[in-house]
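Below: target_23.cif (mmCIF, C-alpha atoms and all ligand atoms)
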```cif
data_protein
#
loop_
_atom_site.label_atom_id
_atom_site.label_comp_id
_atom_site.auth_asym_id
_atom_site.auth_seq_id
_atom_site.Cartn_x
_atom_site.Cartn_y
_atom_site.Cartn_z
CA MET X 2 -184.66 -61.39 29.65
CA GLY X 3 -182.66 -58.15 29.52
CA ALA X 4 -182.95 -55.47 32.17
CA LYS X 5 -184.78 -52.20 31.67
CA VAL X 6 -182.15 -49.51 31.11
CA ILE X 7 -182.78 -46.51 33.37
CA ASP X 8 -181.98 -43.50 31.18
CA GLY X 9 -180.29 -41.01 33.53
CA LYS X 10 -179.64 -38.55 30.73
CA ALA X 11 -183.35 -38.25 29.92
CA PHE X 12 -184.29 -38.26 33.62
CA ALA X 13 -181.80 -35.46 34.33
CA ALA X 14 -183.15 -33.43 31.40
CA ASP X 15 -186.64 -33.79 32.88
CA VAL X 16 -185.42 -32.67 36.34
CA ARG X 17 -183.70 -29.64 34.78
CA ALA X 18 -186.89 -28.78 32.84
CA ARG X 19 -188.96 -28.97 36.05
CA VAL X 20 -186.40 -26.77 37.85
CA ALA X 21 -186.45 -24.28 34.95
CA ALA X 22 -190.27 -24.09 35.01
CA HIS X 23 -190.24 -23.43 38.77
CA VAL X 24 -187.51 -20.80 38.41
CA ALA X 25 -189.54 -19.02 35.71
CA ARG X 26 -192.56 -18.94 38.05
CA LEU X 27 -190.46 -17.62 40.95
CA LYS X 28 -189.17 -14.80 38.76
CA GLU X 29 -192.58 -13.88 37.39
CA GLU X 30 -194.65 -14.19 40.56
CA GLN X 31 -192.12 -13.27 43.27
CA GLY X 32 -189.39 -11.34 41.44
CA ILE X 33 -186.84 -13.81 42.85
CA THR X 34 -183.94 -15.34 40.88
CA PRO X 35 -182.23 -18.32 42.57
CA GLY X 36 -178.44 -17.93 42.57
CA LEU X 37 -175.63 -20.49 42.81
CA ALA X 38 -172.05 -19.56 43.69
CA VAL X 39 -169.30 -22.01 42.73
CA VAL X 40 -165.81 -21.62 44.17
CA LEU X 41 -162.86 -23.23 42.40
CA VAL X 42 -159.38 -23.06 43.92
CA GLY X 43 -156.51 -24.00 41.59
CA GLU X 44 -156.36 -25.35 38.06
CA ASP X 45 -157.21 -29.06 38.39
CA PRO X 46 -158.34 -29.94 34.81
CA ALA X 47 -161.21 -32.26 35.84
CA SER X 48 -162.52 -29.67 38.32
CA GLN X 49 -162.40 -26.98 35.63
CA VAL X 50 -164.60 -29.13 33.38
CA TYR X 51 -167.09 -29.77 36.22
CA VAL X 52 -167.27 -26.08 37.11
CA ARG X 53 -167.79 -25.08 33.47
CA ASN X 54 -170.64 -27.60 33.15
CA LYS X 55 -172.23 -26.39 36.39
CA HIS X 56 -172.08 -22.78 35.18
CA ALA X 57 -173.69 -23.64 31.80
CA SER X 58 -176.46 -25.72 33.43
CA THR X 59 -177.20 -23.02 36.01
CA ILE X 60 -177.66 -20.39 33.29
CA GLU X 61 -179.73 -22.81 31.20
CA VAL X 62 -182.39 -23.21 33.93
CA GLY X 63 -182.60 -19.42 34.39
CA MET X 64 -180.65 -19.13 37.63
CA ALA X 65 -177.89 -16.64 38.39
CA SER X 66 -174.41 -18.18 38.36
CA PHE X 67 -171.55 -16.65 40.35
CA GLU X 68 -168.14 -18.14 39.63
CA HIS X 69 -165.16 -17.51 41.89
CA ARG X 70 -161.86 -18.81 40.56
CA LEU X 71 -158.97 -18.47 42.99
CA SER X 72 -155.30 -19.30 42.48
CA ALA X 73 -153.88 -22.58 43.80
CA GLU X 74 -151.84 -20.56 46.34
CA THR X 75 -154.92 -18.95 47.94
CA GLY X 76 -154.62 -18.94 51.74
CA GLU X 77 -157.23 -20.30 54.13
CA ALA X 78 -158.11 -16.87 55.52
CA GLU X 79 -158.85 -15.50 52.05
CA LEU X 80 -161.03 -18.48 51.13
CA LEU X 81 -162.94 -18.30 54.44
CA ALA X 82 -163.47 -14.56 53.92
CA LEU X 83 -165.00 -15.25 50.49
CA ILE X 84 -167.34 -17.87 51.99
CA ASP X 85 -168.37 -15.40 54.72
CA ARG X 86 -169.19 -12.87 51.98
CA LEU X 87 -171.26 -15.41 50.02
CA ASN X 88 -173.04 -16.50 53.22
CA GLY X 89 -174.14 -12.88 53.70
CA ASP X 90 -175.10 -12.22 50.06
CA PRO X 91 -178.91 -12.38 49.60
CA ALA X 92 -178.54 -13.04 45.83
CA VAL X 93 -176.67 -16.29 46.61
CA HIS X 94 -178.91 -19.19 47.69
CA GLY X 95 -176.45 -22.02 47.10
CA ILE X 96 -172.69 -22.26 47.64
CA LEU X 97 -170.51 -25.06 46.28
CA VAL X 98 -166.77 -25.29 46.93
CA GLN X 99 -165.33 -27.62 44.29
CA LEU X 100 -163.38 -30.51 45.78
CA PRO X 101 -160.64 -31.60 46.02
CA LEU X 102 -159.05 -28.45 47.43
CA PRO X 103 -155.26 -27.97 47.19
CA GLY X 104 -153.45 -29.86 49.96
CA HIS X 105 -152.63 -26.84 52.15
CA LEU X 106 -156.35 -26.10 52.68
CA ASN X 107 -158.45 -27.90 55.31
CA SER X 108 -161.55 -29.10 53.40
CA GLU X 109 -163.60 -29.83 56.54
CA LEU X 110 -162.95 -26.38 57.96
CA VAL X 111 -163.84 -24.73 54.64
CA ILE X 112 -167.02 -26.78 54.04
CA ASN X 113 -168.23 -26.23 57.61
CA ARG X 114 -167.84 -22.46 57.16
CA ILE X 115 -170.68 -22.50 54.55
CA ASP X 116 -174.09 -21.47 55.91
CA PRO X 117 -175.84 -24.90 56.20
CA ALA X 118 -178.95 -23.41 54.54
CA LYS X 119 -176.80 -22.59 51.46
CA ASP X 120 -174.82 -25.87 51.51
CA VAL X 121 -176.25 -27.32 48.28
CA ASP X 122 -173.70 -30.17 48.38
CA GLY X 123 -175.12 -31.33 51.72
CA PHE X 124 -171.58 -31.81 53.07
CA HIS X 125 -171.81 -29.47 56.12
CA ILE X 126 -171.73 -31.39 59.38
CA SER X 127 -175.13 -29.91 60.36
CA ASN X 128 -176.73 -31.29 57.20
CA VAL X 129 -175.07 -34.67 57.75
CA GLY X 130 -176.55 -34.74 61.27
CA LEU X 131 -180.00 -33.58 60.12
CA LEU X 132 -180.13 -36.29 57.44
CA GLY X 133 -178.95 -38.92 59.93
CA THR X 134 -181.76 -37.99 62.32
CA GLY X 135 -184.43 -37.84 59.62
CA GLN X 136 -184.83 -34.07 59.71
CA LYS X 137 -185.13 -31.60 56.84
CA SER X 138 -181.67 -30.93 55.42
CA MET X 139 -179.74 -30.28 52.24
CA VAL X 140 -179.04 -33.71 50.72
CA PRO X 141 -175.89 -34.64 48.74
CA CYS X 142 -176.63 -34.45 45.01
CA THR X 143 -175.56 -37.88 43.75
CA PRO X 144 -177.52 -39.95 46.31
CA LEU X 145 -180.51 -37.64 45.83
CA GLY X 146 -180.38 -38.36 42.10
CA CYS X 147 -180.24 -42.11 42.78
CA LEU X 148 -183.22 -41.85 45.13
CA MET X 149 -185.27 -39.96 42.52
CA MET X 150 -184.60 -42.66 39.90
CA LEU X 151 -185.44 -45.45 42.37
CA ARG X 152 -188.73 -43.78 43.41
CA ASP X 153 -189.62 -43.28 39.77
CA HIS X 154 -188.94 -46.93 38.92
CA HIS X 155 -190.45 -48.59 42.01
CA GLY X 156 -193.02 -46.12 43.30
CA LYS X 157 -192.83 -46.92 47.02
CA LEU X 158 -189.55 -48.35 48.32
CA ALA X 159 -190.85 -49.43 51.75
CA GLY X 160 -189.80 -52.93 52.82
CA LEU X 161 -187.34 -53.52 49.98
CA ASN X 162 -183.89 -54.89 50.79
CA ALA X 163 -181.31 -52.31 49.78
CA VAL X 164 -177.57 -52.97 49.74
CA VAL X 165 -175.22 -50.03 49.30
CA VAL X 166 -171.69 -51.07 48.40
CA GLY X 167 -169.40 -48.23 49.47
CA ARG X 168 -169.20 -46.15 52.65
CA SER X 169 -168.03 -42.72 51.49
CA ASN X 170 -169.38 -39.57 53.12
CA ILE X 171 -170.37 -38.22 49.69
CA VAL X 172 -172.35 -41.21 48.38
CA GLY X 173 -172.48 -44.44 50.41
CA LYS X 174 -173.47 -43.13 53.83
CA PRO X 175 -176.04 -40.53 52.70
CA MET X 176 -177.49 -43.04 50.19
CA ALA X 177 -178.04 -45.51 53.03
CA GLN X 178 -179.71 -42.81 55.15
CA LEU X 179 -182.04 -41.84 52.29
CA LEU X 180 -183.07 -45.45 51.65
CA LEU X 181 -183.70 -45.91 55.36
CA GLY X 182 -185.80 -42.74 55.26
CA ASP X 183 -187.94 -44.45 52.59
CA SER X 184 -188.28 -47.51 54.89
CA CYS X 185 -185.94 -49.89 53.05
CA THR X 186 -184.04 -52.53 55.01
CA VAL X 187 -180.54 -51.21 54.45
CA THR X 188 -177.15 -52.90 54.50
CA ILE X 189 -173.94 -50.95 53.96
CA ALA X 190 -171.28 -53.21 52.46
CA HIS X 191 -167.74 -52.30 51.42
CA SER X 192 -164.44 -53.67 50.19
CA ARG X 193 -163.83 -55.51 53.51
CA THR X 194 -167.29 -57.11 53.73
CA LYS X 195 -167.15 -60.89 54.14
CA ASP X 196 -168.83 -62.80 51.30
CA LEU X 197 -169.81 -59.66 49.48
CA ALA X 198 -171.44 -61.66 46.66
CA GLU X 199 -173.87 -63.32 49.08
CA VAL X 200 -174.74 -59.97 50.72
CA CYS X 201 -175.34 -58.35 47.31
CA ARG X 202 -177.56 -61.24 46.16
CA ARG X 203 -180.05 -60.36 48.93
CA ALA X 204 -180.62 -56.90 47.43
CA ASP X 205 -183.82 -55.82 45.70
CA ILE X 206 -181.96 -52.51 45.26
CA LEU X 207 -178.20 -52.69 44.76
CA VAL X 208 -176.26 -49.40 44.75
CA ALA X 209 -172.61 -49.70 43.72
CA ALA X 210 -170.41 -46.82 44.89
CA VAL X 211 -167.01 -48.34 45.64
CA GLY X 212 -164.86 -46.76 42.95
CA ARG X 213 -163.56 -50.10 41.64
CA PRO X 214 -164.09 -50.78 37.93
CA GLU X 215 -166.64 -53.54 37.20
CA MET X 216 -166.34 -55.07 40.68
CA ILE X 217 -170.03 -56.04 40.89
CA THR X 218 -170.63 -58.91 38.49
CA GLY X 219 -173.82 -60.65 37.37
CA ASP X 220 -173.41 -63.56 39.80
CA MET X 221 -173.71 -61.01 42.67
CA VAL X 222 -177.07 -59.71 41.45
CA LYS X 223 -180.47 -61.15 42.44
CA SER X 224 -182.77 -61.90 39.54
CA GLY X 225 -184.99 -58.88 38.86
CA ALA X 226 -183.05 -56.51 41.18
CA THR X 227 -182.60 -52.82 40.44
CA VAL X 228 -178.92 -51.96 40.01
CA ILE X 229 -177.74 -48.36 40.41
CA ASP X 230 -174.14 -47.85 39.30
CA VAL X 231 -172.55 -44.71 40.78
CA GLY X 232 -169.02 -45.55 39.61
CA ILE X 233 -167.18 -43.54 36.98
CA ASN X 234 -163.84 -45.22 36.29
CA ARG X 235 -161.51 -44.38 33.44
CA ILE X 236 -159.76 -47.53 32.24
CA GLU X 237 -157.78 -48.63 29.21
CA ARG X 238 -159.04 -51.66 27.28
CA ASP X 239 -157.66 -52.96 23.99
CA GLY X 240 -155.45 -49.86 23.89
CA LYS X 241 -158.44 -47.54 24.10
CA ALA X 242 -159.60 -45.22 26.92
CA LYS X 243 -162.99 -46.31 28.24
CA LEU X 244 -165.43 -45.18 30.93
CA VAL X 245 -166.86 -48.00 33.06
CA GLY X 246 -168.89 -48.17 36.25
CA ASP X 247 -168.44 -50.21 39.42
CA VAL X 248 -170.78 -52.78 37.86
CA HIS X 249 -169.85 -55.24 35.12
CA TYR X 250 -172.67 -54.04 32.90
CA ASP X 251 -173.26 -56.95 30.50
CA SER X 252 -173.32 -59.72 33.11
CA ALA X 253 -175.40 -57.65 35.58
CA ALA X 254 -177.88 -56.52 32.90
CA SER X 255 -178.61 -60.13 31.99
CA VAL X 256 -179.88 -60.81 35.55
CA ALA X 257 -181.19 -57.44 36.82
CA GLY X 258 -184.72 -56.11 36.37
CA ALA X 259 -183.44 -52.58 35.80
CA ILE X 260 -179.98 -51.01 35.60
CA THR X 261 -178.31 -47.62 35.11
CA PRO X 262 -175.63 -47.51 32.38
CA VAL X 263 -172.24 -45.75 32.55
CA PRO X 264 -172.10 -43.23 31.03
CA GLY X 265 -175.65 -41.87 30.88
CA GLY X 266 -176.97 -43.19 34.19
CA VAL X 267 -176.32 -41.60 37.56
CA GLY X 268 -173.71 -39.12 36.23
CA PRO X 269 -176.07 -36.58 34.60
CA MET X 270 -178.30 -36.61 37.70
CA THR X 271 -175.66 -35.00 39.93
CA ILE X 272 -175.74 -31.53 38.34
CA ALA X 273 -179.52 -31.75 37.87
CA CYS X 274 -179.86 -32.34 41.63
CA LEU X 275 -177.44 -29.52 42.39
CA LEU X 276 -179.84 -27.21 40.55
CA ALA X 277 -182.80 -28.78 42.37
CA ASN X 278 -181.04 -28.19 45.71
CA THR X 279 -180.32 -24.56 44.81
CA LEU X 280 -184.00 -24.06 44.00
CA THR X 281 -185.00 -25.74 47.28
CA ALA X 282 -182.57 -23.54 49.24
CA CYS X 283 -183.99 -20.44 47.53
CA CYS X 284 -187.59 -21.41 48.33
CA ARG X 285 -186.71 -22.11 51.98
CA ALA X 286 -184.80 -18.81 52.30
CA ASN X 287 -187.88 -16.94 51.08
CA GLY X 288 -190.43 -18.91 53.12
CA LEU X 289 -192.01 -20.34 49.95
CA PRO X 290 -193.25 -23.92 49.39
CA GLU X 291 -190.53 -26.32 48.30
CA PRO X 292 -190.59 -27.71 44.75
CA GLU X 293 -192.48 -31.02 44.64
CA GLY X 294 -190.63 -34.18 43.61
CA LEU X 295 -187.23 -32.48 43.70
CA THR X 296 -186.32 -33.07 47.36
CA ALA X 297 -185.80 -36.08 49.60
N1 LIG O 301 -165.81 -32.88 43.23
C1 LIG O 301 -166.27 -34.01 42.65
N2 LIG O 301 -167.58 -34.20 42.95
C2 LIG O 301 -167.95 -33.16 43.73
C3 LIG O 301 -169.19 -32.78 44.33
O1 LIG O 301 -170.21 -33.46 44.23
N3 LIG O 301 -169.17 -31.63 45.03
C4 LIG O 301 -168.05 -30.88 45.18
N4 LIG O 301 -168.13 -29.77 45.90
N5 LIG O 301 -166.89 -31.20 44.63
C5 LIG O 301 -166.85 -32.33 43.90
#
```

Structure rendered as structure tokens:
Amino acid sequence: MGAKVIDGKAFAADVRARVAAHVARLKEEQGITPGLAVVLVGEDPASQVYVRNKHASTIEVGMASFEHRLSAETGEAELLALIDRLNGDPAVHGILVQLPLPGHLNSELVINRIDPAKDVDGFHISNVGLLGTGQKSMVPCTPLGCLMMLRDHHGKLAGLNAVVVGRSNIVGKPMAQLLLGDSCTVTIAHSRTKDLAEVCRRADILVAAVGRPEMITGDMVKSGATVIDVGINRIERDGKAKLVGDVHYDSAASVAGAITPVPGGVGPMTIACLLANTLTACCRANGLPEPEGLTA
């Protein structure tokens, strides 16, 4: 039997629609417009595409979008001064500094300068600590999107065996914390894990976030498991450019109960959750109830 395909594109459109409806209410009832500031340093082509998409999506849900494009030679002091200004600007509820930054800039220093309440990426060390101790925080967008899809598919996640393959600060570690927060039994595996296939086969929920094309194959998937593929890898096959995940889709889909495709799975959820986080930050800043179903 084939797996149910979890349609991330449709799910993300629904999240954006719910955000837009909440934003419209905030404007009408409170006179408040949530605002997101995105800072891009340099001309990295992939980053420019991301930033353009973020701007368009922010406008689409009725939020204010503030774009700050700085030259690749921008010094640390100038960038920190901009972040200080955005931290103090009441029209800005969320701040995102697009990564990677040019090599001469210290990413940790820059990210940790953002007001944690406005850190819609959830990368500030305070938010990392709050998430790790089960307290209210801003949660990184990609793992939040994965959690939303898993809750939607399973209902309650309590007691399920979850295996996260990948230990990055952006996806693997926060994903594991979120699953633990929903009372899963969580294993973090990675490229050095012994007998990775056997570890993966124990998973009711298998999240692949290793950044290696098609590394997770069908023989590593338990029958009926839910497979969430966070990978976005550009490869060449038969002379053609192709986008593949960290999961070998065809073999995994023949065993899994449900699976996210690449593209059209986790990918579209990241920006949708960035907008959800901006709305959450705005509600918290104004002492208003948080949007339901859009937070961890
Ligand atoms: N570059 C690639 N992904 C991300 C992300 O999620 N946040 C930021 N700030 N930069 C990125």

Using only C-alpha atoms and all ligand atoms, which residues of the polymer chains come no farther than 12 Å from ligand LIG 301 (chain O)? I'd like the answer as a ChimeraX atom specification. /X:38-42,45-52,55,95-102,108-109,111-112,115,120-125,140-146,169-172,231-233,268-275

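Comparing the minimum interatomic distances between Thr59 of chain X and each of X:Arg17, X:Lys195, X:Lys174, X:His94, counting all atoms listed in the file, we find that X:Arg17 sits nearest.
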
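With all atoms listed in the file as the atoms that count, the minimum distance from Arg168 of chain X to the choices X:Val208, X:Ile229, X:Ala286, X:Ala259 is reached by X:Val208.
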
One decimal, Å: what's the distance from atom CA of Cys201 of chain X over to atom CA of Met221 of chain X, could you say?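 These two atoms are separated by 5.6 Å.
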
From X:Pro264, X:Gly167, X:Gly130, X:Gly104, residue lying nearest Glu74 of chain X [only C-alpha atoms]: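 Ranking X:Pro264, X:Gly167, X:Gly130, X:Gly104 by distance to Glu74 of chain X, first place goes to X:Gly104.
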
Separation of atom CA of Leu180 of chain X from atom CA of Asn113 of chain X, in Å and rounded to one decimal: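 Computing it gives 25.0 Å between the two atoms.
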
Rank nothing, just name the residue among X:Arg203, X:Met149, X:Asn128, X:Gln136 nearest to Val164 of chain X, using only C-alpha atoms. X:Arg203

Near Arg152 of chain X, within 10 Å and counting all atoms listed in the file, which residues show up once chain neighbours fewer than 6 positions away are dropped, as a ChimeraX atom specification? /X:158,183,294

State, in Å with one decimal place, the distance from atom CA of Val165 of chain X to atom CA of Asp230 of chain X.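 Spanning atom CA of Val165 of chain X to atom CA of Asp230 of chain X is a straight-line distance of 10.3 Å.
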
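Considering only C-alpha atoms, the residue among X:Val6, X:Leu244, X:Ala226, X:Leu207 positioned nearest to Gly173 of chain X is X:Leu207.
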
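Candidate residues X:Ala65, X:Asn162, X:Asp116, X:Val187 were compared for distance to Asp85 of chain X, and the nearest is X:Asp116, using only C-alpha atoms.
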
So which residues touch Thr188 of chain X within 9 Å, counting only C-alpha atoms, skipping near sequence neighbours fewer than 2 positions away, as a PyMOL selection string? chain X and resi 162-166+177+186+190+200+204

Residues near Thr227 of chain X, anyone? I mean within 9 Å using all atoms listed in the file, not counting same-chain ones fewer than 5 positions away, as number ranges by chain. X: 4, 151, 154, 204-208, 222, 257-261

Generate the output file for the selected residues, C-alpha atoms, as a compact mmCIF listing (two decimals), in the frame of the given file.
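In the end it all went to out_38.txt:
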```txt
# COMPACT_ATOMS: atom_id res chain seq x y z
CA ALA X 4 -182.95 -55.47 32.17
CA LEU X 151 -185.44 -45.45 42.37
CA HIS X 154 -188.94 -46.93 38.92
CA ALA X 204 -180.62 -56.90 47.43
CA ASP X 205 -183.82 -55.82 45.70
CA ILE X 206 -181.96 -52.51 45.26
CA LEU X 207 -178.20 -52.69 44.76
CA VAL X 208 -176.26 -49.40 44.75
CA VAL X 222 -177.07 -59.71 41.45
CA ALA X 257 -181.19 -57.44 36.82
CA GLY X 258 -184.72 -56.11 36.37
CA ALA X 259 -183.44 -52.58 35.80
CA ILE X 260 -179.98 -51.01 35.60
CA THR X 261 -178.31 -47.62 35.11
```

I want to know what sits within 8 Å of segment 22-31 of chain X, based on only C-alpha atoms, with residues of the same chain fewer than 5 positions away left out; could you give that as a list of chain:residue names?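 Near segment 22-31 of chain X, the qualifying residues are X:Val62, X:Gly63, X:Met64, X:Leu280, X:Pro292.
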